[in-house]
Amino acid sequence: MSKILMKGNEAVGEAAIRAGCLHFFGYPITPQSEVPEYLARRLPEVGGVFVQAESEVAASNMIYGAAGVGVRVLTTSSSPGISLMAEALSYIAACELPVVLVNMMRAGPGLGGILPAQGDYLQATKGTAHGDFHLIVLAPSSVQEAVNLVMRAFELAENYRNPVMVIGDGMIGQMMEPVEFPEPAVGKPLDPGDWALTGCKDRPRRIVNSLYLDPEACNRHNFKLTAKWQRITEAEQRSESVYLDEPCDILLTSFGMTYRICKTAADELRAEGIKVGLFRPITLAPFPYQACRAAADRAGRILDVEMNMGQMLEDVKLAVQGTKSIDFLGTAGGVVPSPEDVAKKIREVLGSAPAKNASPKPAPQKKRKDKERA
Amino acid sequence: MASTEVLMAGFGGQGMLLSGKLLAHAAMEKGLEVSWLPSYGPEMRGGTANVTVCISDKPVASPYIVYPRALLVMNQPSLEKFAPRVKPGGLIVVNSSLVPVKSDRQDCQVVYVAANQVAQQAGTGRAANLVMLGVYVGWSEVVSLESTVRAIEEEFAEKAKFIPANVAAFKAGYEEGRKARGAKS
């Protein structure tokens, strides 16, 4: 199939259909409303179900129900809407149901604004809702990668029976880029397996429920979920490292669209002879700590760039464990850092602490340089 | 070519986002990498709207560009806001039908085109955005006249009666762009 020019939001909707997802429940919110708009038109054409719920709370419980009866299901929203869905996501994770949701982040906190931001990193990766559970979180940095990761999200959700979030921002939702979709045009339906509520005629009944009043049983369930997360952590970390064939003066860490901005800044400075490397997690959860550490080991120091006030920064710090100086450049409110802003910050931090002769190897533990100046 | 960026700006409803899409479409068909990033503030018809199109022979890194190589403006607020950001040596195309002022940029080529009048002569005054696109394509030759015409035909496939006037407006703009290029060199 040849390339077509498509908005990120529309491409997300089409990717879901290619993955065999024919059920969508959601509620419109800028900057992701083109997803429900697209699917409201497309799903009836392919025999699917589109429901605009009365709220995000309702939509999230509809995906809970749909997943419980063993159909492949998607919802999409943006930051405040995701907060409203949080309670049901905890139930879905507890019941080990495969759902995929997309968060095209906008500025926060509160009602915030409709422009791009990355302020939901911690919510997505650490504290989506009550209880011990994790979402698998995937962060695309192009429209094509959004397509690939939405399709991959369904596989992961079903392989591990765990909710998966694809997290982007208003920019990737609103921008158009060329994309290719795999065949077939409509993916195969989900095999409802041995857990879905498909009618118990001629078989023992099944129960989808997250209520465990027996503390021992609830304890066991938590250990089971934790063991599953351990398997996911071991098998599913993905990341991209760029320009790290040789030691670099500075490593830029970023995710999603911010990575693209950092790439332009890196290319510009590399043309001047300043060695800039790049690292981005593709799975925000599980976070690729070892790969991040390996990238950091190639660098004199680190600059973390995000459209928030320093959220992934905490994971970068955990990965690096105090072996490198880490600076931070952040924006919020819908302000996007420009490549020039990133380049200026790189010059500033390298100027203040020349890294030309800095050791690319990890500093000895006793000489920890963990005084972040964020 | 290596890579280039153009910012197209005007009031919502003037069609600059569509002009950007046509350019991105034509460049994609040529096998180039493209991105189309619109402003999407709380805007509606009558508010300001703009789009940045990046075209490159390598994957586009940042689609968010503050300092573009070219600027097409359909209104005075956009000229005042964006003209100072155009890279030296770049191009500024001003729709003089709607913008009564001149740009003070001495280090860029500034082309004034009465896009509404040119479009009117081509068949419809509503295709001023296609005239502006034509000037840019004629000046930059980042994509060919033929490939842009094909993109217009595909975009308007379901409204085929609008194709001739839009193609004519684009071609009229293209001639203006070629002339401007010749005047420079």
# chains A, B, ... in the order shown; residues from 1 in each chain; ligands from 1
$ residues_around --residues "A:Val150" --least-positions-apart "5" --cutoff "8 Å" --atoms "only C-alpha atoms" --output "PyMOL selection string"
chain A and resi 12+15-16+100+166
$ write_last_selection --atoms "C-alpha atoms" --output "PDB file, in the first residue's frame"
ATOM      1  CA  VAL A  12      -4.738   6.235  15.304  1.00  0.00           C
ATOM      2  CA  ALA A  15      -4.654   1.703  13.027  1.00  0.00           C
ATOM      3  CA  ALA A  16      -7.178   0.372  15.525  1.00  0.00           C
ATOM      4  CA  VAL A 100      -6.070   0.058  24.674  1.00  0.00           C
ATOM      5  CA  VAL A 166      -0.408   4.999  23.826  1.00  0.00           C
TER       6      VAL A 166
END
$ interface_residues --of "chain A" --to "chain B" --cutoff "6 Å" --atoms "only C-alpha atoms" --output "PyMOL selection string"
chain A and resi 175-177+260-261+263-264
$ residues_around --residues "stretch 126-134 of chain B" --least-positions-apart "5" --cutoff "7 Å" --atoms "only C-alpha atoms" --output "PyMOL selection string"
chain B and resi 14-16+19+72+115-116+119+166+169-174+177
$ write_last_selection --atoms "C-alpha atoms" --output "mmCIF file, in the first residue's frame"
data_model
loop_
_atom_site.group_PDB
_atom_site.id
_atom_site.type_symbol
_atom_site.label_atom_id
_atom_site.label_comp_id
_atom_site.auth_asym_id
_atom_site.auth_seq_id
_atom_site.Cartn_x
_atom_site.Cartn_y
_atom_site.Cartn_z
ATOM 1 C CA GLN B 14 -8.836 31.618 3.844
ATOM 2 C CA GLY B 15 -7.527 28.175 2.996
ATOM 3 C CA MET B 16 -3.887 28.350 4.027
ATOM 4 C CA SER B 19 -2.558 25.121 0.632
ATOM 5 C CA LEU B 72 3.057 33.173 2.875
ATOM 6 C CA ALA B 115 -3.812 37.134 -4.914
ATOM 7 C CA ASN B 116 -7.539 37.846 -4.737
ATOM 8 C CA ALA B 119 -7.648 34.390 -8.475
ATOM 9 C CA ASN B 166 -8.298 26.200 -8.594
ATOM 10 C CA ALA B 169 -5.388 30.119 -9.905
ATOM 11 C CA PHE B 170 -2.453 27.927 -8.931
ATOM 12 C CA LYS B 171 -0.882 28.254 -12.378
ATOM 13 C CA ALA B 172 -1.341 32.031 -12.390
ATOM 14 C CA GLY B 173 0.417 32.176 -9.031
ATOM 15 C CA TYR B 174 3.125 29.843 -10.338
ATOM 16 C CA GLY B 177 6.580 32.994 -8.648
#
$ select_by_dssp --residues "stretch 2-161 of chain B" --states "strand (DSSP E or B)" --output "PyMOL selection string"
chain B and resi 3-11+33-38+48-56+70-73+91-95+109-113
$ residues_around --residues "stretch 125-137 of chain A" --least-positions-apart "3" --cutoff "8 Å" --atoms "only C-alpha atoms" --output "list in words"
Ser83, Ala86, Glu87, Leu89, Ser90, Ala93, Ala94, Tyr121, Leu122, Asn162, Pro163, Val164, Met165, Val166, Ile167, Asn222, Leu225, Thr226, Trp229, Thr283, Leu284, Ala285 and Pro286 of chain A
$ write_last_selection --atoms "C-alpha atoms" --output "compact mmCIF listing (two decimals), in the first residue's frame"
# COMPACT_ATOMS: atom_id res chain seq x y z
CA SER A 83 -8.21 11.59 34.82
CA ALA A 86 -8.75 6.57 36.07
CA GLU A 87 -11.09 4.68 38.39
CA LEU A 89 -8.64 1.73 34.56
CA SER A 90 -7.81 0.43 38.02
CA ALA A 93 -6.13 -3.68 35.43
CA ALA A 94 -7.39 -5.59 38.47
CA TYR A 121 4.00 11.21 32.24
CA LEU A 122 3.86 10.45 35.93
CA ASN A 162 -3.21 -5.67 30.80
CA PRO A 163 -4.39 -2.19 29.81
CA VAL A 164 -2.02 -0.37 27.45
CA MET A 165 -1.82 3.38 26.95
CA VAL A 166 -0.41 5.00 23.83
CA ILE A 167 0.60 8.48 24.90
CA ASN A 222 -1.39 -8.33 44.00
CA LEU A 225 -0.15 -8.80 39.07
CA THR A 226 3.34 -7.86 40.24
CA TRP A 229 4.63 -6.75 35.55
CA THR A 283 8.09 2.22 26.33
CA LEU A 284 7.67 4.84 29.06
CA ALA A 285 6.50 1.93 31.19
CA PRO A 286 8.31 -0.36 31.55
$ residues_around --residues "A:Ala265" --least-positions-apart "4" --cutoff "9 Å" --atoms "only C-alpha atoms" --output "ChimeraX atom specification"
/A:260-261,269-270,276,338-344,346 /B:62
$ select_by_dssp --residues "stretch 12-258 of chain A" --states "alpha helix (DSSP H)" --output "ChimeraX atom specification"
/A:12-18,34-45,56-68,79-94,121-125,143-160,170-174,215-235,257-258
$ write_last_selection --atoms "C-alpha atoms" --output "tab-separated table (two decimals), in the first residue's frame"
chain	number	residue	atom	x	y	z
A	12	VAL	CA	-4.74	6.23	15.30
A	13	GLY	CA	-8.36	5.45	14.46
A	14	GLU	CA	-7.43	3.65	11.26
A	15	ALA	CA	-4.65	1.70	13.03
A	16	ALA	CA	-7.18	0.37	15.52
A	17	ILE	CA	-9.35	-0.99	12.72
A	18	ARG	CA	-6.31	-2.58	11.07
A	34	GLU	CA	-10.58	13.64	15.28
A	35	VAL	CA	-10.19	10.07	16.60
A	36	PRO	CA	-13.86	9.67	17.55
A	37	GLU	CA	-14.84	11.75	14.53
A	38	TYR	CA	-12.95	9.40	12.22
A	39	LEU	CA	-14.20	6.23	13.90
A	40	ALA	CA	-17.80	7.46	14.01
A	41	ARG	CA	-17.61	7.45	10.22
A	42	ARG	CA	-15.40	4.39	9.66
A	43	LEU	CA	-16.61	1.84	12.23
A	44	PRO	CA	-20.14	1.51	10.81
A	45	GLU	CA	-18.56	0.90	7.38
A	56	GLU	CA	-15.41	9.92	30.11
A	57	VAL	CA	-16.48	8.13	33.28
A	58	ALA	CA	-19.15	6.31	31.30
A	59	ALA	CA	-16.83	5.63	28.34
A	60	SER	CA	-14.21	4.05	30.58
A	61	ASN	CA	-16.79	1.74	32.12
A	62	MET	CA	-18.07	0.85	28.66
A	63	ILE	CA	-14.59	-0.30	27.61
A	64	TYR	CA	-14.43	-2.27	30.88
A	65	GLY	CA	-17.64	-4.03	29.90
A	66	ALA	CA	-16.65	-4.57	26.27
A	67	ALA	CA	-13.29	-6.06	27.23
A	68	GLY	CA	-15.04	-8.25	29.78
A	79	SER	CA	-5.49	14.74	29.85
A	80	PRO	CA	-8.55	15.82	31.93
A	81	GLY	CA	-10.59	13.08	30.27
A	82	ILE	CA	-7.99	10.46	31.20
A	83	SER	CA	-8.21	11.59	34.82
A	84	LEU	CA	-11.94	10.91	34.70
A	85	MET	CA	-11.24	7.41	33.36
A	86	ALA	CA	-8.75	6.57	36.07
A	87	GLU	CA	-11.09	4.68	38.39
A	88	ALA	CA	-12.23	2.27	35.68
A	89	LEU	CA	-8.64	1.73	34.56
A	90	SER	CA	-7.81	0.43	38.02
A	91	TYR	CA	-10.75	-1.98	37.79
A	92	ILE	CA	-9.70	-3.04	34.28
A	93	ALA	CA	-6.13	-3.68	35.43
A	94	ALA	CA	-7.39	-5.59	38.47
A	121	TYR	CA	4.00	11.21	32.24
A	122	LEU	CA	3.86	10.45	35.93
A	123	GLN	CA	0.13	9.79	35.86
A	124	ALA	CA	0.55	7.32	33.00
A	125	THR	CA	3.62	5.53	34.30
A	143	VAL	CA	2.45	9.56	12.93
A	144	GLN	CA	3.79	6.32	11.44
A	145	GLU	CA	5.09	5.22	14.81
A	146	ALA	CA	1.71	6.07	16.36
A	147	VAL	CA	0.14	3.65	13.88
A	148	ASN	CA	2.69	0.95	14.63
A	149	LEU	CA	2.41	1.36	18.38
A	150	VAL	CA	-1.40	1.41	18.45
A	151	MET	CA	-1.34	-1.90	16.60
A	152	ARG	CA	1.37	-3.22	18.92
A	153	ALA	CA	-0.66	-2.02	21.92
A	154	PHE	CA	-3.45	-4.45	21.12
A	155	GLU	CA	-0.98	-7.33	20.94
A	156	LEU	CA	0.57	-6.38	24.26
A	157	ALA	CA	-2.82	-5.86	25.92
A	158	GLU	CA	-3.91	-9.33	24.85
A	159	ASN	CA	-0.61	-11.13	25.44
A	160	TYR	CA	-0.47	-9.87	29.03
A	170	GLY	CA	-1.59	17.59	20.77
A	171	MET	CA	1.11	17.99	18.15
A	172	ILE	CA	1.22	14.37	17.03
A	173	GLY	CA	-2.58	14.25	17.06
A	174	GLN	CA	-3.00	17.34	14.92
A	215	PRO	CA	-7.17	-10.18	52.50
A	216	GLU	CA	-5.12	-13.28	51.68
A	217	ALA	CA	-6.80	-13.63	48.31
A	218	CYS	CA	-6.31	-9.93	47.58
A	219	ASN	CA	-2.67	-10.22	48.67
A	220	ARG	CA	-2.17	-13.17	46.30
A	221	HIS	CA	-3.79	-11.24	43.48
A	222	ASN	CA	-1.39	-8.33	44.00
A	223	PHE	CA	1.58	-10.70	43.90
A	224	LYS	CA	0.20	-12.21	40.70
A	225	LEU	CA	-0.15	-8.80	39.07
A	226	THR	CA	3.34	-7.86	40.24
A	227	ALA	CA	4.82	-11.05	38.81
A	228	LYS	CA	3.14	-10.24	35.50
A	229	TRP	CA	4.63	-6.75	35.55
A	230	GLN	CA	8.01	-8.30	36.19
A	231	ARG	CA	7.62	-10.43	33.04
A	232	ILE	CA	6.57	-7.35	31.07
A	233	THR	CA	9.55	-5.42	32.42
A	234	GLU	CA	11.93	-8.15	31.33
A	235	ALA	CA	10.50	-8.65	27.86
A	257	MET	CA	7.47	14.76	19.85
A	258	THR	CA	10.02	16.46	22.08
$ residues_around --residues "A:Gly333" --least-positions-apart "3" --cutoff "9 Å" --atoms "only C-alpha atoms" --output "list of chain:residue names"
A:Arg106, A:Ala107, A:Gly108, A:Pro109, A:Gly112, A:Gly113, A:Ile114, A:Leu115, A:Pro116, A:Ala117, A:Met307, A:Asn308, A:Val336
$ atom_distance --atom1 "atom CA of A:Gly8" --atom2 "atom CA of B:Gly47"
23.4 Å
$ residues_around --residues "A:Tyr27" --least-positions-apart "5" --cutoff "6 Å" --atoms "only C-alpha atoms" --output "list of chain:residue names"
A:Gln52, A:Ala53, A:Ser55, A:Glu56
$ atom_distance --atom1 "atom CA of B:Val93" --atom2 "atom CA of B:Gln106"
13.7 Å
